[in-house]
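S.K.: Here's a structure for you.
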Amino acid sequence: MATPTVSTLVHSTILTPIIVGMSSGMLSSLMSYEIAGRLDWRPIAICSACDILVIGVDHVRDQEVVINALGAATMKRFTPVFHAARIFLALITSLLVMALSQCPSETVFLTAVFTTPAFLWATPLDLQWIGRVLKRFMWMNYGQEDSSGSGKPFIIKRVPGMKAIFDGIIRGYGLFLVVHSTFQLPWQSANNAPPWTIIETVIWSVVNRTCHCILADVRDYDEDVKTGVPTIPVLLKSPFKTRMFLTAVQGAVMMAFLNNPFIVGNCCFTIALAWILGKDSPKIFFRLSLHSQSIFIIMYAAMSVLL
C-alpha cells in the first residue's frame with residue numbers, strides 16, 4: 001500500500017466527499033424543478049450534505065486506521081489534516097441540521113431512514129445482541145444468559161449482490177422521496193418539465209446509480225475476489241459478463257425512454273464508459289461515471305436557458 005501524503009489525505013477526506021455530494025446536488029436540483037417548478041435550497045442541501053457526511057465519515061475512519069498502523073510519528077504529522085476534515089464535516093452537519101429544521105417532519109424521518117444504512121454500510125451488526133435486548137425488554141428469558149452468543153456479525157455491504165442495488169435505491173429513489181417530502185405537494189401535482197417526467201427520472205436515477213456502483217466494482221474486481229466481497233462482478237465471475245450486463249440494462253432504459261434525448265445520450269455515454277474503463281484506469285476517470293447524470297442535467301439546464 002502506498003504511503004499516504006497530505007495531498008492524498010485531503011483529497012480522500014474532503015475533496016472526494018464534495019465531488020460525490022455535487023452529483024446528488026445536481027440530481028436533487030432537477031427533481032426539485034420537476035416537482036415544484038423551482039429550485040429549492042433545502043432538498044439540495046439535504047441530499048448533498050448527506051452524501052458528503054456518509055463518504056467523509058467513512059473515509060476519515062478508514063484513513064485513521066491506515067495511518068495509525070504507520071506509527072505515532074506519522075499520525076502526529078497528519079493530525080492537522082484530520083482536524084480540518086472533522087471541522088469540515090461539522091460545518092456540513094450544521095448545514096444539514098439547518099436545512100432539516102426548515103422542512104416537514106416527514107423529510108427528517110425519510111432522511112434518517114435512507115441515511116442510516118449508508119452510515120452502517122461496513123459496520124458489523126450483532127443481530128443476536130439486538131434479539132437478546134428485545135427479549136429482555138419483553139421479559140422473556142429474564143435473568144438467563146444466552147449461551148448462543150457469539151454468532152457472526154451482519155454486515156450490510158456483504159449481502160451477496162446487493163451492494164450496488166442498495167446504493168441505487170438509496171441514492172436514487174430515496175433522494176426523490178426526500179425532495180418530494182420537502183414540498184408537501186400531492187403526488188398528482190408534479191410540475192413535469194418536458195421531456196422529463198417524475199417516474200422516468202426516478203427509474204433512470206436508480207439504474208444509473210446502481211450501474212455506476214457496479215462499474216466501480218469492476219475496477220476493484222481482483223481485490224474483491226481476494227477479500228470475498230460478493231459484488232455483482234464477483235458473482236458473475238467475469239468483468240466481461242458484467243460489462244454485457246451493464247450494456248443490456250442501459251439499453252433497456254434507453255429503449256424505454258426514447259422520448260427523452262438526455263436519458264438516451266446518458267445511456268449511450270454510460271455504455272461507452274462500461275467498455276472503456278477497467279481495473280487499470282485511473283480512479284479520476286471513474287468520476288465521469290459518477291457524474292454521468294450531472295453532465296446531461298447541465299446540458300438540459302443550459303439549453304433551457306439559451307432556448
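Residue numbering restarts at 1 in every chain; chains get A, B, ... in the order shown in the C-alpha cells, and ligands count up from 1 in that same order.
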Write out as a PyMOL selection string the residues lying within 7 Å of segment 205-217 of chain A, counting only C-alpha atoms and excluding same-chain residues fewer than 5 positions away.
M.R.: chain A and resi 164-165+167-169+171-173+231-233+246+274+289-290
S.K.: Just write the chosen residues, C-alpha atoms, as a PDB file, in the first residue's frame.
M.R.:
```
ATOM      1  CA  ALA A 164     -24.947  -1.818  -5.864  1.00  0.00           C
ATOM      2  CA  ILE A 165     -28.728  -2.257  -5.567  1.00  0.00           C
ATOM      3  CA  ASP A 167     -26.716   2.200  -3.381  1.00  0.00           C
ATOM      4  CA  GLY A 168     -29.054   2.731  -6.349  1.00  0.00           C
ATOM      5  CA  ILE A 169     -32.204   2.647  -4.222  1.00  0.00           C
ATOM      6  CA  ARG A 171     -29.243   7.491  -3.878  1.00  0.00           C
ATOM      7  CA  GLY A 172     -31.983   7.310  -6.496  1.00  0.00           C
ATOM      8  CA  TYR A 173     -35.409   6.553  -5.041  1.00  0.00           C
ATOM      9  CA  THR A 231     -20.248  -7.716  -5.540  1.00  0.00           C
ATOM     10  CA  ILE A 232     -22.129  -8.301  -8.792  1.00  0.00           C
ATOM     11  CA  PRO A 233     -18.900  -8.650 -10.869  1.00  0.00           C
ATOM     12  CA  LEU A 246     -24.458  -3.131 -17.858  1.00  0.00           C
ATOM     13  CA  ALA A 274     -18.501   0.454 -19.204  1.00  0.00           C
ATOM     14  CA  SER A 289     -19.388   7.622 -14.436  1.00  0.00           C
ATOM     15  CA  LEU A 290     -20.300   9.222 -11.104  1.00  0.00           C
TER      16      LEU A 290
END
```
S.K.: Which residues come within 12 Å of Pro282 of chain A, counting only C-alpha atoms, excluding same-chain residues fewer than 4 positions away, as a PyMOL selection string?
M.R.: chain A and resi 216+219-220+276-278+286-288
S.K.: Name the residues in contact with Phe119 of chain A at a cut-off of 8 Å, using only C-alpha atoms, excluding same-chain residues fewer than 3 positions from it; report them as a ChimeraX atom specification.
M.R.: /A:54,58,115-116,122
S.K.: Nearest residue to Ile19 of chain A out of A:Val113, A:Ile52, A:Ala99, A:Ala45, using only C-alpha atoms?
M.R.: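 Of all the options, A:Ile52 lies closest to Ile19 of chain A.
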S.K.: Can you pull out every residue within 12 Å of Leu95 of chain A, counting only C-alpha atoms, but drop anything in the same chain fewer than 3 positions away, and send it as a PDB file with all heavy atoms, in the first residue's frame?
M.R.:
```
ATOM      1  N   TRP A  41     -33.411  25.426  -2.014  1.00  0.00           N
ATOM      2  CA  TRP A  41     -32.114  25.126  -1.403  1.00  0.00           C
ATOM      3  C   TRP A  41     -32.195  23.992  -0.390  1.00  0.00           C
ATOM      4  O   TRP A  41     -31.210  23.270  -0.169  1.00  0.00           O
ATOM      5  CB  TRP A  41     -31.555  26.369  -0.706  1.00  0.00           C
ATOM      6  CG  TRP A  41     -32.245  26.736   0.578  1.00  0.00           C
ATOM      7  CD1 TRP A  41     -33.365  27.492   0.735  1.00  0.00           C
ATOM      8  CD2 TRP A  41     -31.840  26.329   1.899  1.00  0.00           C
ATOM      9  NE1 TRP A  41     -33.696  27.594   2.068  1.00  0.00           N
ATOM     10  CE2 TRP A  41     -32.777  26.893   2.814  1.00  0.00           C
ATOM     11  CE3 TRP A  41     -30.798  25.558   2.397  1.00  0.00           C
ATOM     12  CZ2 TRP A  41     -32.688  26.697   4.187  1.00  0.00           C
ATOM     13  CZ3 TRP A  41     -30.708  25.354   3.776  1.00  0.00           C
ATOM     14  CH2 TRP A  41     -31.641  25.924   4.649  1.00  0.00           C
ATOM     15  N   ARG A  42     -33.366  23.750   0.212  1.00  0.00           N
ATOM     16  CA  ARG A  42     -33.459  22.778   1.296  1.00  0.00           C
ATOM     17  C   ARG A  42     -33.181  21.341   0.844  1.00  0.00           C
ATOM     18  O   ARG A  42     -32.277  20.676   1.391  1.00  0.00           O
ATOM     19  CB  ARG A  42     -34.832  22.880   1.958  1.00  0.00           C
ATOM     20  CG  ARG A  42     -35.095  24.209   2.652  1.00  0.00           C
ATOM     21  CD  ARG A  42     -36.543  24.307   3.101  1.00  0.00           C
ATOM     22  NE  ARG A  42     -37.456  24.180   1.963  1.00  0.00           N
ATOM     23  CZ  ARG A  42     -38.748  23.872   2.064  1.00  0.00           C
ATOM     24  NH1 ARG A  42     -39.280  23.633   3.261  1.00  0.00           N
ATOM     25  NH2 ARG A  42     -39.518  23.805   0.995  1.00  0.00           N
ATOM     26  N   PRO A  43     -33.923  20.804  -0.148  1.00  0.00           N
ATOM     27  CA  PRO A  43     -33.619  19.430  -0.561  1.00  0.00           C
ATOM     28  C   PRO A  43     -32.235  19.296  -1.180  1.00  0.00           C
ATOM     29  O   PRO A  43     -31.589  18.250  -1.030  1.00  0.00           O
ATOM     30  CB  PRO A  43     -34.726  19.117  -1.581  1.00  0.00           C
ATOM     31  CG  PRO A  43     -35.203  20.435  -2.059  1.00  0.00           C
ATOM     32  CD  PRO A  43     -35.078  21.360  -0.894  1.00  0.00           C
ATOM     33  N   ILE A  44     -31.788  20.329  -1.881  1.00  0.00           N
ATOM     34  CA  ILE A  44     -30.448  20.285  -2.484  1.00  0.00           C
ATOM     35  C   ILE A  44     -29.385  20.193  -1.392  1.00  0.00           C
ATOM     36  O   ILE A  44     -28.449  19.391  -1.466  1.00  0.00           O
ATOM     37  CB  ILE A  44     -30.218  21.517  -3.381  1.00  0.00           C
ATOM     38  CG1 ILE A  44     -31.221  21.531  -4.531  1.00  0.00           C
ATOM     39  CG2 ILE A  44     -28.792  21.537  -3.916  1.00  0.00           C
ATOM     40  CD1 ILE A  44     -31.226  22.809  -5.354  1.00  0.00           C
ATOM     41  N   ALA A  45     -29.559  21.018  -0.344  1.00  0.00           N
ATOM     42  CA  ALA A  45     -28.599  20.997   0.767  1.00  0.00           C
ATOM     43  C   ALA A  45     -28.649  19.672   1.523  1.00  0.00           C
ATOM     44  O   ALA A  45     -27.605  19.108   1.891  1.00  0.00           O
ATOM     45  CB  ALA A  45     -28.891  22.160   1.716  1.00  0.00           C
ATOM     46  N   ILE A  46     -29.862  19.141   1.748  1.00  0.00           N
ATOM     47  CA  ILE A  46     -30.004  17.888   2.493  1.00  0.00           C
ATOM     48  C   ILE A  46     -29.333  16.734   1.755  1.00  0.00           C
ATOM     49  O   ILE A  46     -28.538  15.974   2.340  1.00  0.00           O
ATOM     50  CB  ILE A  46     -31.491  17.576   2.746  1.00  0.00           C
ATOM     51  CG1 ILE A  46     -32.080  18.579   3.730  1.00  0.00           C
ATOM     52  CG2 ILE A  46     -31.674  16.148   3.266  1.00  0.00           C
ATOM     53  CD1 ILE A  46     -33.598  18.517   3.830  1.00  0.00           C
ATOM     54  N   CYS A  47     -29.635  16.597   0.476  1.00  0.00           N
ATOM     55  CA  CYS A  47     -29.101  15.470  -0.296  1.00  0.00           C
ATOM     56  C   CYS A  47     -27.586  15.573  -0.457  1.00  0.00           C
ATOM     57  O   CYS A  47     -26.870  14.573  -0.317  1.00  0.00           O
ATOM     58  CB  CYS A  47     -29.785  15.414  -1.663  1.00  0.00           C
ATOM     59  SG  CYS A  47     -31.560  15.079  -1.569  1.00  0.00           S
ATOM     60  N   SER A  48     -27.094  16.770  -0.725  1.00  0.00           N
ATOM     61  CA  SER A  48     -25.648  16.954  -0.870  1.00  0.00           C
ATOM     62  C   SER A  48     -24.934  16.716   0.459  1.00  0.00           C
ATOM     63  O   SER A  48     -23.906  16.033   0.510  1.00  0.00           O
ATOM     64  CB  SER A  48     -25.337  18.357  -1.387  1.00  0.00           C
ATOM     65  OG  SER A  48     -25.929  18.583  -2.646  1.00  0.00           O
ATOM     66  N   ALA A  49     -25.480  17.274   1.527  1.00  0.00           N
ATOM     67  CA  ALA A  49     -24.844  17.152   2.847  1.00  0.00           C
ATOM     68  C   ALA A  49     -24.800  15.699   3.311  1.00  0.00           C
ATOM     69  O   ALA A  49     -23.800  15.245   3.875  1.00  0.00           O
ATOM     70  CB  ALA A  49     -25.583  18.016   3.861  1.00  0.00           C
ATOM     71  N   CYS A  50     -25.881  14.956   3.086  1.00  0.00           N
ATOM     72  CA  CYS A  50     -25.906  13.543   3.490  1.00  0.00           C
ATOM     73  C   CYS A  50     -24.830  12.747   2.768  1.00  0.00           C
ATOM     74  O   CYS A  50     -24.129  11.930   3.378  1.00  0.00           O
ATOM     75  CB  CYS A  50     -27.284  12.945   3.229  1.00  0.00           C
ATOM     76  SG  CYS A  50     -28.550  13.483   4.401  1.00  0.00           S
ATOM     77  N   ILE A  52     -22.027  13.920   1.483  1.00  0.00           N
ATOM     78  CA  ILE A  52     -20.726  14.360   1.976  1.00  0.00           C
ATOM     79  C   ILE A  52     -20.420  13.731   3.333  1.00  0.00           C
ATOM     80  O   ILE A  52     -19.302  13.249   3.580  1.00  0.00           O
ATOM     81  CB  ILE A  52     -20.677  15.899   2.070  1.00  0.00           C
ATOM     82  CG1 ILE A  52     -20.705  16.515   0.668  1.00  0.00           C
ATOM     83  CG2 ILE A  52     -19.428  16.365   2.815  1.00  0.00           C
ATOM     84  CD1 ILE A  52     -20.844  18.030   0.655  1.00  0.00           C
ATOM     85  N   LEU A  53     -21.406  13.703   4.219  1.00  0.00           N
ATOM     86  CA  LEU A  53     -21.186  13.153   5.557  1.00  0.00           C
ATOM     87  C   LEU A  53     -20.925  11.651   5.519  1.00  0.00           C
ATOM     88  O   LEU A  53     -20.020  11.149   6.193  1.00  0.00           O
ATOM     89  CB  LEU A  53     -22.391  13.455   6.452  1.00  0.00           C
ATOM     90  CG  LEU A  53     -22.548  14.914   6.875  1.00  0.00           C
ATOM     91  CD1 LEU A  53     -23.861  15.111   7.623  1.00  0.00           C
ATOM     92  CD2 LEU A  53     -21.380  15.355   7.739  1.00  0.00           C
ATOM     93  N   PHE A  88     -14.612  20.415   8.844  1.00  0.00           N
ATOM     94  CA  PHE A  88     -15.401  20.458   7.605  1.00  0.00           C
ATOM     95  C   PHE A  88     -16.691  19.659   7.755  1.00  0.00           C
ATOM     96  O   PHE A  88     -17.782  20.130   7.397  1.00  0.00           O
ATOM     97  CB  PHE A  88     -14.556  19.912   6.457  1.00  0.00           C
ATOM     98  CG  PHE A  88     -15.321  19.630   5.198  1.00  0.00           C
ATOM     99  CD1 PHE A  88     -15.841  20.670   4.438  1.00  0.00           C
ATOM    100  CD2 PHE A  88     -15.528  18.332   4.767  1.00  0.00           C
ATOM    101  CE1 PHE A  88     -16.559  20.415   3.279  1.00  0.00           C
ATOM    102  CE2 PHE A  88     -16.237  18.070   3.612  1.00  0.00           C
ATOM    103  CZ  PHE A  88     -16.757  19.115   2.869  1.00  0.00           C
ATOM    104  N   LEU A  89     -16.600  18.451   8.306  1.00  0.00           N
ATOM    105  CA  LEU A  89     -17.790  17.606   8.488  1.00  0.00           C
ATOM    106  C   LEU A  89     -18.753  18.225   9.501  1.00  0.00           C
ATOM    107  O   LEU A  89     -19.972  18.103   9.366  1.00  0.00           O
ATOM    108  CB  LEU A  89     -17.376  16.204   8.936  1.00  0.00           C
ATOM    109  CG  LEU A  89     -16.595  15.379   7.900  1.00  0.00           C
ATOM    110  CD1 LEU A  89     -16.159  14.044   8.491  1.00  0.00           C
ATOM    111  CD2 LEU A  89     -17.422  15.153   6.643  1.00  0.00           C
ATOM    112  N   ALA A  90     -18.213  18.908  10.521  1.00  0.00           N
ATOM    113  CA  ALA A  90     -19.074  19.588  11.493  1.00  0.00           C
ATOM    114  C   ALA A  90     -19.852  20.720  10.836  1.00  0.00           C
ATOM    115  O   ALA A  90     -21.046  20.924  11.123  1.00  0.00           O
ATOM    116  CB  ALA A  90     -18.230  20.129  12.649  1.00  0.00           C
ATOM    117  N   LEU A  91     -19.207  21.450   9.930  1.00  0.00           N
ATOM    118  CA  LEU A  91     -19.892  22.525   9.207  1.00  0.00           C
ATOM    119  C   LEU A  91     -20.993  21.970   8.305  1.00  0.00           C
ATOM    120  O   LEU A  91     -22.089  22.540   8.217  1.00  0.00           O
ATOM    121  CB  LEU A  91     -18.882  23.333   8.386  1.00  0.00           C
ATOM    122  CG  LEU A  91     -17.869  24.165   9.187  1.00  0.00           C
ATOM    123  CD1 LEU A  91     -16.826  24.775   8.244  1.00  0.00           C
ATOM    124  CD2 LEU A  91     -18.575  25.256   9.978  1.00  0.00           C
ATOM    125  N   ILE A  92     -20.695  20.855   7.640  1.00  0.00           N
ATOM    126  CA  ILE A  92     -21.699  20.213   6.781  1.00  0.00           C
ATOM    127  C   ILE A  92     -22.868  19.707   7.627  1.00  0.00           C
ATOM    128  O   ILE A  92     -24.041  19.810   7.228  1.00  0.00           O
ATOM    129  CB  ILE A  92     -21.066  19.062   5.980  1.00  0.00           C
ATOM    130  CG1 ILE A  92     -20.011  19.596   4.997  1.00  0.00           C
ATOM    131  CG2 ILE A  92     -22.137  18.299   5.202  1.00  0.00           C
ATOM    132  CD1 ILE A  92     -20.550  20.565   3.971  1.00  0.00           C
ATOM    133  N   MET A  98     -29.654  22.741   9.740  1.00  0.00           N
ATOM    134  CA  MET A  98     -30.365  23.973   9.399  1.00  0.00           C
ATOM    135  C   MET A  98     -31.414  23.709   8.312  1.00  0.00           C
ATOM    136  O   MET A  98     -32.539  24.202   8.401  1.00  0.00           O
ATOM    137  CB  MET A  98     -29.361  25.027   8.913  1.00  0.00           C
ATOM    138  CG  MET A  98     -30.020  26.358   8.573  1.00  0.00           C
ATOM    139  SD  MET A  98     -28.865  27.720   8.232  1.00  0.00           S
ATOM    140  CE  MET A  98     -27.397  26.909   7.702  1.00  0.00           C
ATOM    141  N   ALA A  99     -31.045  22.925   7.297  1.00  0.00           N
ATOM    142  CA  ALA A  99     -31.991  22.617   6.218  1.00  0.00           C
ATOM    143  C   ALA A  99     -33.157  21.781   6.738  1.00  0.00           C
ATOM    144  O   ALA A  99     -34.320  22.040   6.418  1.00  0.00           O
ATOM    145  CB  ALA A  99     -31.269  21.894   5.089  1.00  0.00           C
ATOM    146  N   LEU A 100     -32.865  20.772   7.566  1.00  0.00           N
ATOM    147  CA  LEU A 100     -33.923  19.919   8.104  1.00  0.00           C
ATOM    148  C   LEU A 100     -34.860  20.684   9.023  1.00  0.00           C
ATOM    149  O   LEU A 100     -36.054  20.377   9.105  1.00  0.00           O
ATOM    150  CB  LEU A 100     -33.311  18.731   8.848  1.00  0.00           C
ATOM    151  CG  LEU A 100     -32.649  17.650   7.976  1.00  0.00           C
ATOM    152  CD1 LEU A 100     -31.938  16.633   8.850  1.00  0.00           C
ATOM    153  CD2 LEU A 100     -33.674  16.964   7.079  1.00  0.00           C
ATOM    154  N   SER A 101     -34.330  21.684   9.722  1.00  0.00           N
ATOM    155  CA  SER A 101     -35.165  22.476  10.625  1.00  0.00           C
ATOM    156  C   SER A 101     -36.206  23.303   9.874  1.00  0.00           C
ATOM    157  O   SER A 101     -37.205  23.735  10.457  1.00  0.00           O
ATOM    158  CB  SER A 101     -34.296  23.396  11.479  1.00  0.00           C
ATOM    159  OG  SER A 101     -33.702  24.419  10.682  1.00  0.00           O
ATOM    160  N   GLN A 102     -35.971  23.500   8.562  1.00  0.00           N
ATOM    161  CA  GLN A 102     -36.912  24.266   7.746  1.00  0.00           C
ATOM    162  C   GLN A 102     -37.846  23.352   6.950  1.00  0.00           C
ATOM    163  O   GLN A 102     -38.571  23.821   6.078  1.00  0.00           O
ATOM    164  CB  GLN A 102     -36.130  25.156   6.759  1.00  0.00           C
ATOM    165  CG  GLN A 102     -35.158  26.127   7.411  1.00  0.00           C
ATOM    166  CD  GLN A 102     -35.870  27.133   8.278  1.00  0.00           C
ATOM    167  OE1 GLN A 102     -36.887  27.706   7.890  1.00  0.00           O
ATOM    168  NE2 GLN A 102     -35.341  27.356   9.481  1.00  0.00           N
TER     169      GLN A 102
END
```
S.K.: Residues of segment 27-263 of chain A classed as alpha helix (DSSP H) by DSSP on the backbone are to be reported as a PyMOL selection string.
M.R.: chain A and resi 27-36+41-68+72-101+105-119+127-137+163-168+175-183+198-219+221-227+232-236+239-256+261-263
S.K.: Please provide as a PDB file with C-alpha atoms, in the first residue's frame all residues within 10 Å of Glu200 of chain A, with the sequence filter that same-chain residues fewer than 3 positions apart are discarded (counting only C-alpha atoms).
M.R.:
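What landed in result06.pdb:
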```pdb
ATOM      1  CA  PRO A 195     -39.107  15.992 -21.819  1.00  0.00           C
ATOM      2  CA  TRP A 196     -38.781  14.897 -18.190  1.00  0.00           C
ATOM      3  CA  THR A 197     -41.354  13.046 -16.095  1.00  0.00           C
ATOM      4  CA  ILE A 203     -36.119   4.924 -12.692  1.00  0.00           C
ATOM      5  CA  TRP A 204     -33.227   6.483 -14.612  1.00  0.00           C
ATOM      6  CA  SER A 205     -31.609   7.625 -11.351  1.00  0.00           C
ATOM      7  CA  VAL A 206     -31.884   4.256  -9.591  1.00  0.00           C
ATOM      8  CA  VAL A 253     -33.579   2.079 -20.104  1.00  0.00           C
ATOM      9  CA  ALA A 256     -37.977   2.658 -22.554  1.00  0.00           C
ATOM     10  CA  PHE A 257     -37.324   6.421 -22.641  1.00  0.00           C
ATOM     11  CA  ASN A 260     -36.027  11.884 -23.754  1.00  0.00           C
ATOM     12  CA  ILE A 263     -31.585   9.983 -20.988  1.00  0.00           C
TER      13      ILE A 263
END
```
